[in-house]
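Participant: What follows is a structure written as structure tokens; I'll ask about it next.
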Amino acid sequence: MAEDSKLDRVEDSVPSKHRRGRLKVFLGSAPGVGKTHAMLQSALRRRQDGGGVAILCVETHGRPETERMAAQLETLSHPETRGERAVPRIDLANVIARRPRLVLIDDLGHGAIVDGKPVRRTSLVEPLLEAGIDIDTTLDVQNLESVNDTMARQSGVRVRDTVPDDVVGMADEIELVDQPPEVLIRRLRDGMIHVDDTLNRSMRRFFSRRNLTALREMAMRVAADRLDALVSGDNGAPAAAHDHLVVCINDSPLWRRILRTARRLAETQHIPWTIVYAQTARYEQLDEAARDRLVHAMRLGERWGAEIVTLNAQGDIADEILSFAERRRATRILVGRSRSRHLSRFFGHTVDSKLLRKANNIEVTVVIPEEAELAPRWKLPAPEKLRRFFGVWLAATAAVAGALGLSLALASFMPLHNVSLIFLAGVVLIAIRVGLWPSIYTSILSFLVYNFFFTEPNYSLSVTHEEDIITISFFLVMATLTGNLAARVRYQMEEIRQSAKRIENLYDFSRRVAASVSLDDTLWAVVTHVAGALRCRALVLLPGAGERLDIVSGFPPEDHLDPEDWAAAERAWTEQRAAGWAEPDNEAGGWLFIPMRTASGVIGLLGVLFEDQRTQLSPEHRRLLDAVVDQAAVAIERTKLTVDFEEARILSETEQLRSALLSSVSHDLRTPLVSILGSATSLANLGEAIPPEDRTELAQTILDESERLNRFVQNLLDMTRLGYGALEPKRDWVDLRDVLGGAVRDMQRSLEDLKVELQAGADLPLMYVDPVLIGQVVVNLLDNAAKHAPLHSTVSVRALRRGEDVAVSIIDNGPGIPPGDRQAIFDMFYRVAVRDSDARGTGLGLAICKGLVEAHGGTIEAHSGPDGIGTEMTFTLPIREVPPIIEPMDMDS
Amino acid sequence: MPDTAAKILVVDDEPQIRKFLRISLNAHGYAVVEAARGEDGITQCATEQPDLVVLDLGLPDLDGQEVIGRIREWSQVPILVLSVRTDEEEKVRALNNGAYDYVTKPFGIAELIARVRVGLRAHTVEEEVPSIVKAGPLVIDLPARTVTRDGVPVKLSKKEFEILRLLVTNAGRVLTHQYLLQEVWGPAQLEETHYLRIYVGHLRQKLDDSPDNPRYIVTEPGVGYRFVGSFG
């Protein structure tokens, strides 16, 4: 191996076994600040001090300096190509066995292949530290999850490879690598910053001064917070963002609602959130279903952008959660109401009530379960179900027993017949509290007991007195009637509650739909509403390209259907009726699809899947479903119309642009052609008949107009290429005076009747630009000036250094541009309205100037000329430092 | 005119362009043969033995660059290339492949004739550059490595003189950045065009030449430099 010597150095240094490694983070405020460079530099220094240093991952992005530094260290990984990028393949055991004192992990947020599996590089941190190996790593602050969220909101750019904020909390040392925004913007412009492909398109937007400043601020704050924490001995993670929401979940079925609430909170208030599960000894006792629920909740939370943390709670859960929330600087805790018995709630022993009591600076929100949600009866585990079932009958029996006891005790004080009233009271009580059938059971039992104990002959079921028979019969009838009545009242009350809830649901739904602006929002509102209202899973299918149905939204998110379900959906779509589960011709599919109808026909399908295996929909559910489907249809159609309208608007604007282009092309191509054709035919037909000086003039006209035509064609070509983003400046070191001089020479003929004054500052540096394109800009600006400047006036061309830029101005003393038009003239096909029809502008020239200048990272503006006369067009180009000449200047010959 | 009856082969697929080239070149006393396609052009080049080839880079059958390469396999005939503006890289490639100069389309006939003259001269008067070159007020003594302007000595550094020497001995011809860098700095510095910019800047200053309105050294954007001083 060629690296034998480097390898020795690695193995020489054996870290002590009991020492835990230290983590040092080189925190960059933005891509391109030089994190990797700083890390390598520090590593090389450390190696000189006698430590074994090895590279696990370093991305040089082809920078020679970085490559040179990296080459001096051994790399303990092999690159493996995954898709478009090379990912380091690392054998962790091997790395630990080699015992470097320090390993380098570049870009902690990226991936690696460790022991054959693709993982995040963050997963390397713990085992390496544990093995006593120090880690130096680099990280851009926007890769921190909380910062990424904030930045995504601000800049619209989200990075993929995020790292939990915890990593910073674990760091023993943070080194901030930072550059002023101006430097970064310049570096990006000069192509010196490697940009992730995913970011490429939006990079220009991202690398704004504002964003960079914000990032810088956040990086400083993260570093400062960590420093604070280190000083005060707190091991907590820093508050990278202002707010943080901590969401507590347990195995309760309430989790779905808690998560939904949390997500809504986090998203509307733009705060990062963390889902916390406090694991206690109880976890071991949880059944499969409860554990599944937990895993599911965590997965869903992760997908919704939450960070997942499991706390190992030894002591009080509420205390653990609070201390975690404080470490996170959380401003808000969301917790579900515990299912605990009323008594412990009364004494404040539940987690939620403790949190409410103990949290001082943190707002605690308690999510109250809806009854069915908390403990759906059909979902209770079997023993409980049994107990409840028997409990009903037990209660009925107990009521009778109670009545019996009371009757026996009171029998001596009151007339025998009145004793029956005591039993009747028991029957009514059961009818009201429990239900019809238990009440009938109670009445029969009461009749038997009454008959047995209180009618002659006593202690027998036979009846001798006729009056007793009548009493008992009325007793039975009364009991049944009362029980029935009470049960019905109960049922009706339940009904009213249900319908109130339904109305509330629908109201909530319409409010959400009204607020949604995009089709996606509406669809999401539809599926969450259906899923919530019917306690099912919900899908919306809309016809996509080629009228094929596509799953466009689902709750929980879903993009797959089994073939039999697809078949049902197709049936529902083509036959425009409900199909699938519980419908006559269903083939084993679990989903039910219902067409969504509006006045204009069926617009799509709503699919529902009930997870409990009931065999058909109750009428009440069916009604609800129909109502929801109608609403959904209307909502979706409304949104689609809005979207269509927007598209139509854009289309018509495109159409306008196209017709402007056509009219411009026909005008600007034809005008010079008229002169050329006229002059040429004169020459061809009249020939010698024209005096020689006129012939020369005609030829000159042909020449001038041809050049104009040529410039126009060049502009058209450039515009097309700019429009397709295909115009890459071919940059080279250029003396700007060359370019200006060249442009003036090219325009010589057009500027014939004008005086051109060229002034270039003596301190003009070499510029790194595309000489041809910048030449084109100057030509267009000169062309513009030539059109508007009065005869024999002066057109000035000035190039001056202005701070970090060079500003080039072309000044004429023509009519000038009204202030209101000074922005718009750079739009395509815009022409300032002028009285004379001699406005020979194409409306293209300035738009192209703007495009070309911006492609160079510069700006272009129109002002009025000196003393408010004429026009001063100024464009700037950024100065890039000229690389030094390596050899000595040989000034002596 | 010393180059009377010089024979020029025009390879271009546009009959209109061939026609006006033929008429103008004839009017300047050159004999013209024409080819519409690359293959035909190569054949004609062998059979007609022209003194110079005017070659359009955009041909329907063969890439112009390939035509240059194939002619260069057996002939040193000077090749003048016709190209459009946006193809600076193509021009540089053609020059590297063996073309001696280019004209950007659309072009005026005066410019073309000037280039043709330079091509014919360089070919016929093989390396017979006078040892003392005069251009306006400039006198450049190549063997003595001295330059005077209006009789006043101009002090040039070694590399400045070297650049000037290359430009002057190839007067009228464009020299690419790469060629100049290779000749003056050697093969390691081919990408460092800013060296050239800085030295040419100094050179222009010392010769009292200005980039705004050059009398001696003209910049060809994206390609190279050309010495234009009239001799005499």
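The way I read the labels, and the way they are meant: chains A, B, ... in the order of the structure tokens, residue 1 as the first residue of every chain, and ligand 1 as the first ligand shown, with later ones counted on from there.
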Which residues are near Trp393 of chain A? Cut-off 9 Å, only C-alpha atoms, ignore same chain within fewer than 6 positions. Put them as number ranges by chain.
Facilitator: A: 438, 441-442
Participant: Identify all chain B residues at most 6 Å from chain A by counting only C-alpha atoms; ligands do not count. Present them as a PyMOL selection string.
Facilitator: chain B and resi 157-158+194+211-212+221
Participant: Excluding same-chain residues fewer than 5 positions from segment 859-876 of chain A, what lies within 9 Å of it counting only C-alpha atoms, as a short mmCIF file (atom, residue, chain, number, x, y, z; two decimals) with all heavy atoms, in the first residue's frame?
Facilitator:
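Once written, selection_27.cif looks like this:
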```cif
data_model
loop_
_atom_site.label_atom_id
_atom_site.label_comp_id
_atom_site.auth_asym_id
_atom_site.auth_seq_id
_atom_site.Cartn_x
_atom_site.Cartn_y
_atom_site.Cartn_z
N LEU A 781 -26.51 48.98 -25.50
CA LEU A 781 -26.70 50.26 -24.82
C LEU A 781 -26.30 51.42 -25.75
O LEU A 781 -26.95 52.46 -25.78
CB LEU A 781 -25.90 50.31 -23.52
CG LEU A 781 -26.39 49.33 -22.44
CD1 LEU A 781 -25.52 49.42 -21.19
CD2 LEU A 781 -27.85 49.61 -22.07
N ALA A 785 -28.53 54.46 -27.15
CA ALA A 785 -28.13 55.86 -27.04
C ALA A 785 -28.14 56.51 -28.42
O ALA A 785 -28.62 57.64 -28.60
CB ALA A 785 -26.74 55.95 -26.42
N HIS A 788 -31.50 57.67 -29.58
CA HIS A 788 -32.19 58.75 -28.89
C HIS A 788 -31.39 60.04 -28.79
O HIS A 788 -31.95 61.10 -28.53
CB HIS A 788 -32.62 58.30 -27.50
CG HIS A 788 -33.58 57.15 -27.54
ND1 HIS A 788 -33.25 55.90 -27.08
CD2 HIS A 788 -34.83 57.05 -28.04
CE1 HIS A 788 -34.27 55.09 -27.28
NE2 HIS A 788 -35.25 55.76 -27.86
N ALA A 789 -30.08 59.96 -28.98
CA ALA A 789 -29.27 61.16 -28.81
C ALA A 789 -29.48 62.09 -30.00
O ALA A 789 -29.61 61.64 -31.14
CB ALA A 789 -27.80 60.78 -28.70
N ARG A 802 -16.15 51.03 -8.38
CA ARG A 802 -17.03 51.53 -7.34
C ARG A 802 -17.12 50.47 -6.26
O ARG A 802 -17.92 49.57 -6.34
CB ARG A 802 -18.41 51.79 -7.95
CG ARG A 802 -19.04 53.07 -7.48
CD ARG A 802 -20.21 53.46 -8.35
NE ARG A 802 -21.24 52.45 -8.40
CZ ARG A 802 -22.36 52.57 -9.11
NH1 ARG A 802 -22.57 53.65 -9.82
NH2 ARG A 802 -23.25 51.62 -9.11
N ASP A 805 -17.34 46.68 -7.10
CA ASP A 805 -17.84 46.51 -8.45
C ASP A 805 -17.13 47.47 -9.40
O ASP A 805 -16.51 48.42 -8.97
CB ASP A 805 -19.34 46.84 -8.51
CG ASP A 805 -20.16 45.85 -7.71
OD1 ASP A 805 -19.84 44.65 -7.79
OD2 ASP A 805 -21.08 46.27 -7.01
N VAL A 806 -17.30 47.17 -10.69
CA VAL A 806 -16.97 48.18 -11.69
C VAL A 806 -18.29 48.60 -12.30
O VAL A 806 -19.12 47.75 -12.62
CB VAL A 806 -16.02 47.61 -12.75
CG1 VAL A 806 -15.98 48.52 -13.97
CG2 VAL A 806 -14.63 47.44 -12.17
N ALA A 807 -18.49 49.91 -12.39
CA ALA A 807 -19.73 50.41 -12.97
C ALA A 807 -19.43 50.97 -14.35
O ALA A 807 -18.51 51.76 -14.53
CB ALA A 807 -20.33 51.49 -12.08
N VAL A 808 -20.20 50.54 -15.34
CA VAL A 808 -20.05 51.05 -16.69
C VAL A 808 -21.31 51.84 -17.02
O VAL A 808 -22.42 51.34 -16.86
CB VAL A 808 -19.88 49.89 -17.70
CG1 VAL A 808 -19.74 50.44 -19.11
CG2 VAL A 808 -18.69 49.03 -17.33
N SER A 809 -21.12 53.11 -17.42
CA SER A 809 -22.28 53.94 -17.75
C SER A 809 -22.20 54.39 -19.19
O SER A 809 -21.13 54.72 -19.69
CB SER A 809 -22.32 55.18 -16.86
OG SER A 809 -22.20 54.81 -15.52
N ILE A 810 -23.35 54.39 -19.84
CA ILE A 810 -23.46 54.95 -21.18
C ILE A 810 -24.45 56.11 -21.06
O ILE A 810 -25.60 55.90 -20.67
CB ILE A 810 -23.92 53.91 -22.22
CG1 ILE A 810 -22.77 52.98 -22.59
CG2 ILE A 810 -24.37 54.59 -23.51
CD1 ILE A 810 -22.61 51.78 -21.77
N ILE A 811 -23.97 57.31 -21.37
CA ILE A 811 -24.78 58.50 -21.10
C ILE A 811 -25.07 59.24 -22.40
O ILE A 811 -24.15 59.50 -23.19
CB ILE A 811 -24.02 59.45 -20.15
CG1 ILE A 811 -23.61 58.68 -18.89
CG2 ILE A 811 -24.86 60.67 -19.79
CD1 ILE A 811 -22.47 59.32 -18.14
N ASP A 812 -26.34 59.51 -22.65
CA ASP A 812 -26.68 60.33 -23.82
C ASP A 812 -27.48 61.52 -23.34
O ASP A 812 -27.97 61.53 -22.20
CB ASP A 812 -27.48 59.51 -24.84
CG ASP A 812 -28.85 59.13 -24.33
OD1 ASP A 812 -29.66 60.05 -24.07
OD2 ASP A 812 -29.14 57.92 -24.18
N ASN A 813 -27.62 62.55 -24.15
CA ASN A 813 -28.50 63.62 -23.75
C ASN A 813 -29.72 63.72 -24.64
O ASN A 813 -30.08 64.76 -25.14
CB ASN A 813 -27.78 64.97 -23.60
CG ASN A 813 -26.90 65.23 -24.79
OD1 ASN A 813 -26.98 64.51 -25.78
ND2 ASN A 813 -26.08 66.26 -24.73
N GLY A 814 -30.33 62.57 -24.84
CA GLY A 814 -31.59 62.49 -25.58
C GLY A 814 -32.75 62.91 -24.70
O GLY A 814 -32.56 63.58 -23.67
N PRO A 815 -33.95 62.52 -25.04
CA PRO A 815 -35.14 62.95 -24.29
C PRO A 815 -35.23 62.36 -22.89
O PRO A 815 -36.03 62.84 -22.09
CB PRO A 815 -36.30 62.46 -25.16
CG PRO A 815 -35.73 61.37 -26.00
CD PRO A 815 -34.29 61.69 -26.21
N GLY A 816 -34.49 61.35 -22.60
CA GLY A 816 -34.56 60.76 -21.27
C GLY A 816 -35.71 59.79 -21.13
O GLY A 816 -36.55 59.67 -22.01
N ILE A 817 -35.73 59.12 -19.99
CA ILE A 817 -36.79 58.13 -19.74
C ILE A 817 -37.59 58.59 -18.54
O ILE A 817 -37.02 58.92 -17.50
CB ILE A 817 -36.18 56.75 -19.45
CG1 ILE A 817 -35.35 56.28 -20.65
CG2 ILE A 817 -37.26 55.73 -19.12
CD1 ILE A 817 -34.45 55.13 -20.34
N PRO A 818 -38.93 58.67 -18.66
CA PRO A 818 -39.73 59.09 -17.50
C PRO A 818 -39.46 58.15 -16.32
O PRO A 818 -39.32 56.94 -16.52
CB PRO A 818 -41.18 58.91 -17.99
CG PRO A 818 -41.11 58.69 -19.45
CD PRO A 818 -39.72 58.31 -19.81
N PRO A 819 -39.40 58.71 -15.11
CA PRO A 819 -39.03 57.89 -13.94
C PRO A 819 -39.89 56.64 -13.81
O PRO A 819 -39.40 55.58 -13.44
CB PRO A 819 -39.28 58.83 -12.75
CG PRO A 819 -39.17 60.20 -13.32
CD PRO A 819 -39.61 60.11 -14.75
N ARG A 822 -38.58 53.62 -15.76
CA ARG A 822 -37.17 53.23 -15.70
C ARG A 822 -36.95 51.77 -15.32
O ARG A 822 -35.91 51.20 -15.61
CB ARG A 822 -36.41 54.14 -14.74
CG ARG A 822 -36.16 55.48 -15.42
CD ARG A 822 -35.42 56.44 -14.55
NE ARG A 822 -35.57 57.78 -15.13
CZ ARG A 822 -35.42 58.89 -14.47
NH1 ARG A 822 -35.11 58.85 -13.18
NH2 ARG A 822 -35.57 60.04 -15.06
N GLN A 823 -37.94 51.21 -14.65
CA GLN A 823 -37.82 49.78 -14.33
C GLN A 823 -38.30 48.95 -15.49
O GLN A 823 -37.68 47.98 -15.89
CB GLN A 823 -38.69 49.46 -13.11
CG GLN A 823 -38.06 49.93 -11.84
CD GLN A 823 -37.35 48.79 -11.15
OE1 GLN A 823 -37.97 47.99 -10.52
NE2 GLN A 823 -36.06 48.71 -11.31
N ILE A 825 -38.49 49.39 -18.62
CA ILE A 825 -37.79 49.30 -19.91
C ILE A 825 -36.96 48.04 -20.01
O ILE A 825 -36.61 47.62 -21.10
CB ILE A 825 -36.87 50.51 -20.16
CG1 ILE A 825 -36.01 50.77 -18.93
CG2 ILE A 825 -37.68 51.74 -20.53
CD1 ILE A 825 -34.87 51.69 -19.23
N PHE A 826 -36.66 47.41 -18.86
CA PHE A 826 -35.86 46.19 -18.93
C PHE A 826 -36.74 44.96 -19.13
O PHE A 826 -36.24 43.86 -19.20
CB PHE A 826 -35.00 46.04 -17.67
CG PHE A 826 -33.97 47.12 -17.55
CD1 PHE A 826 -34.13 48.14 -16.63
CD2 PHE A 826 -32.87 47.13 -18.38
CE1 PHE A 826 -33.19 49.15 -16.53
CE2 PHE A 826 -31.92 48.13 -18.29
CZ PHE A 826 -32.08 49.15 -17.36
N CYS A 849 -29.79 42.94 -22.19
CA CYS A 849 -28.72 43.52 -21.37
C CYS A 849 -28.88 43.07 -19.93
O CYS A 849 -27.94 42.64 -19.28
CB CYS A 849 -28.80 45.05 -21.41
SG CYS A 849 -28.24 45.73 -22.97
N LYS A 850 -30.12 43.18 -19.45
CA LYS A 850 -30.39 42.82 -18.06
C LYS A 850 -30.05 41.34 -17.83
O LYS A 850 -29.36 40.98 -16.88
CB LYS A 850 -31.86 43.07 -17.76
CG LYS A 850 -32.25 42.88 -16.31
CD LYS A 850 -33.68 43.39 -16.14
CE LYS A 850 -34.41 42.73 -14.99
NZ LYS A 850 -34.10 43.25 -13.70
N VAL A 853 -26.21 40.86 -17.98
CA VAL A 853 -25.51 41.42 -16.83
C VAL A 853 -25.78 40.57 -15.59
O VAL A 853 -24.88 40.27 -14.81
CB VAL A 853 -25.94 42.89 -16.60
CG1 VAL A 853 -25.48 43.39 -15.25
CG2 VAL A 853 -25.36 43.77 -17.70
N GLU A 854 -27.04 40.16 -15.44
CA GLU A 854 -27.37 39.36 -14.26
C GLU A 854 -26.71 37.99 -14.30
O GLU A 854 -26.36 37.43 -13.27
CB GLU A 854 -28.89 39.24 -14.11
CG GLU A 854 -29.47 40.54 -13.57
CD GLU A 854 -30.98 40.51 -13.45
OE1 GLU A 854 -31.60 39.54 -13.91
OE2 GLU A 854 -31.52 41.48 -12.88
#
```
Participant: Excluding same-chain residues fewer than 6 positions from segment 58-60 of chain B, what lies within 7 Å of it counting only C-alpha atoms, as a list in words?
Facilitator: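 Selected residues are Asp12, Asp13, Arg37 and Gly38 of chain B.
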Participant: Give me the residues within 10 Å of Glu39 of chain B as a PDB file with N, CA and C atoms, in the first residue's frame, counting only C-alpha atoms and dropping any in the same chain fewer than 4 places off.
Facilitator:
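Result file result_29.pdb:
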```pdb
ATOM      1  N   VAL B  11     -14.883  26.983 -49.978  1.00  0.00           N
ATOM      2  CA  VAL B  11     -15.751  25.859 -49.607  1.00  0.00           C
ATOM      3  C   VAL B  11     -16.884  26.397 -48.740  1.00  0.00           C
ATOM      4  N   ALA B  35     -16.326  24.860 -53.998  1.00  0.00           N
ATOM      5  CA  ALA B  35     -16.858  23.557 -53.600  1.00  0.00           C
ATOM      6  C   ALA B  35     -18.002  23.812 -52.633  1.00  0.00           C
ATOM      7  N   THR B  43     -11.279  17.104 -52.032  1.00  0.00           N
ATOM      8  CA  THR B  43     -10.834  16.604 -53.338  1.00  0.00           C
ATOM      9  C   THR B  43     -10.254  17.739 -54.181  1.00  0.00           C
ATOM     10  N   GLN B  44     -11.017  18.835 -54.226  1.00  0.00           N
ATOM     11  CA  GLN B  44     -10.576  19.985 -55.026  1.00  0.00           C
ATOM     12  C   GLN B  44      -9.243  20.504 -54.532  1.00  0.00           C
ATOM     13  N   CYS B  45      -9.087  20.461 -53.231  1.00  0.00           N
ATOM     14  CA  CYS B  45      -7.855  20.950 -52.635  1.00  0.00           C
ATOM     15  C   CYS B  45      -6.678  20.135 -53.166  1.00  0.00           C
ATOM     16  N   LEU B  59     -20.712  23.146 -42.543  1.00  0.00           N
ATOM     17  CA  LEU B  59     -21.000  22.473 -43.815  1.00  0.00           C
ATOM     18  C   LEU B  59     -22.007  21.357 -43.578  1.00  0.00           C
ATOM     19  N   ASP B  61     -22.206  18.287 -44.915  1.00  0.00           N
ATOM     20  CA  ASP B  61     -21.781  16.876 -44.889  1.00  0.00           C
ATOM     21  C   ASP B  61     -20.708  16.592 -43.849  1.00  0.00           C
ATOM     22  N   LEU B  62     -19.715  17.472 -43.728  1.00  0.00           N
ATOM     23  CA  LEU B  62     -18.614  17.200 -42.807  1.00  0.00           C
ATOM     24  C   LEU B  62     -18.479  18.350 -41.830  1.00  0.00           C
ATOM     25  N   VAL B  67     -12.623  18.823 -41.882  1.00  0.00           N
ATOM     26  CA  VAL B  67     -12.067  19.189 -43.182  1.00  0.00           C
ATOM     27  C   VAL B  67     -10.655  19.738 -42.990  1.00  0.00           C
ATOM     28  N   ARG B  70      -8.272  16.931 -42.199  1.00  0.00           N
ATOM     29  CA  ARG B  70      -7.933  16.036 -43.320  1.00  0.00           C
ATOM     30  C   ARG B  70      -7.053  16.722 -44.343  1.00  0.00           C
TER      31      ARG B  70
END
```
Participant: Find the residues around Leu852 of chain A up to 10 Å (only C-alpha atoms counted), leave out those fewer than 4 positions away in its own chain, and share them as a PyMOL selection string.
Facilitator: chain A and resi 718-719+722+727-729+770+773-774+776-777+846-848+856-860
Participant: Extract, using only C-alpha atoms, all DNA, RNA and protein residues at most 10 Å from segment 176-178 of chain B, discarding same-chain residues fewer than 2 positions from it, and format them as number ranges by chain.
Facilitator: B: 91-93, 95-96, 101, 173-174, 180-184, 186-187, 189-194, 196-197, 220, 222-226
Participant: Could you please determine the separation between atom CA of Ala786 of chain A and atom CA of Ala699 of chain A in Å, to one decimal place?
Facilitator: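 About the pair atom CA of Ala786 of chain A and atom CA of Ala699 of chain A: they are 21.1 Å apart.
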Participant: Apply DSSP to the structure's backbone, then extract all residues of segment 665-762 of chain A labelled alpha helix (DSSP H) and return them as a ChimeraX atom specification.
Facilitator: /A:665-686,692-723,736-746
Participant: Between atom CA of Gly52 of chain A and atom CA of Arg98 of chain A, what is the distance in Å, rounded to a tenth?
Facilitator: 9.7 Å
Participant: In Å, how far is it from atom CA of Glu326 of chain A to atom CA of Trp304 of chain A?
Facilitator: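 Computing it gives 23.0 Å between the two atoms.
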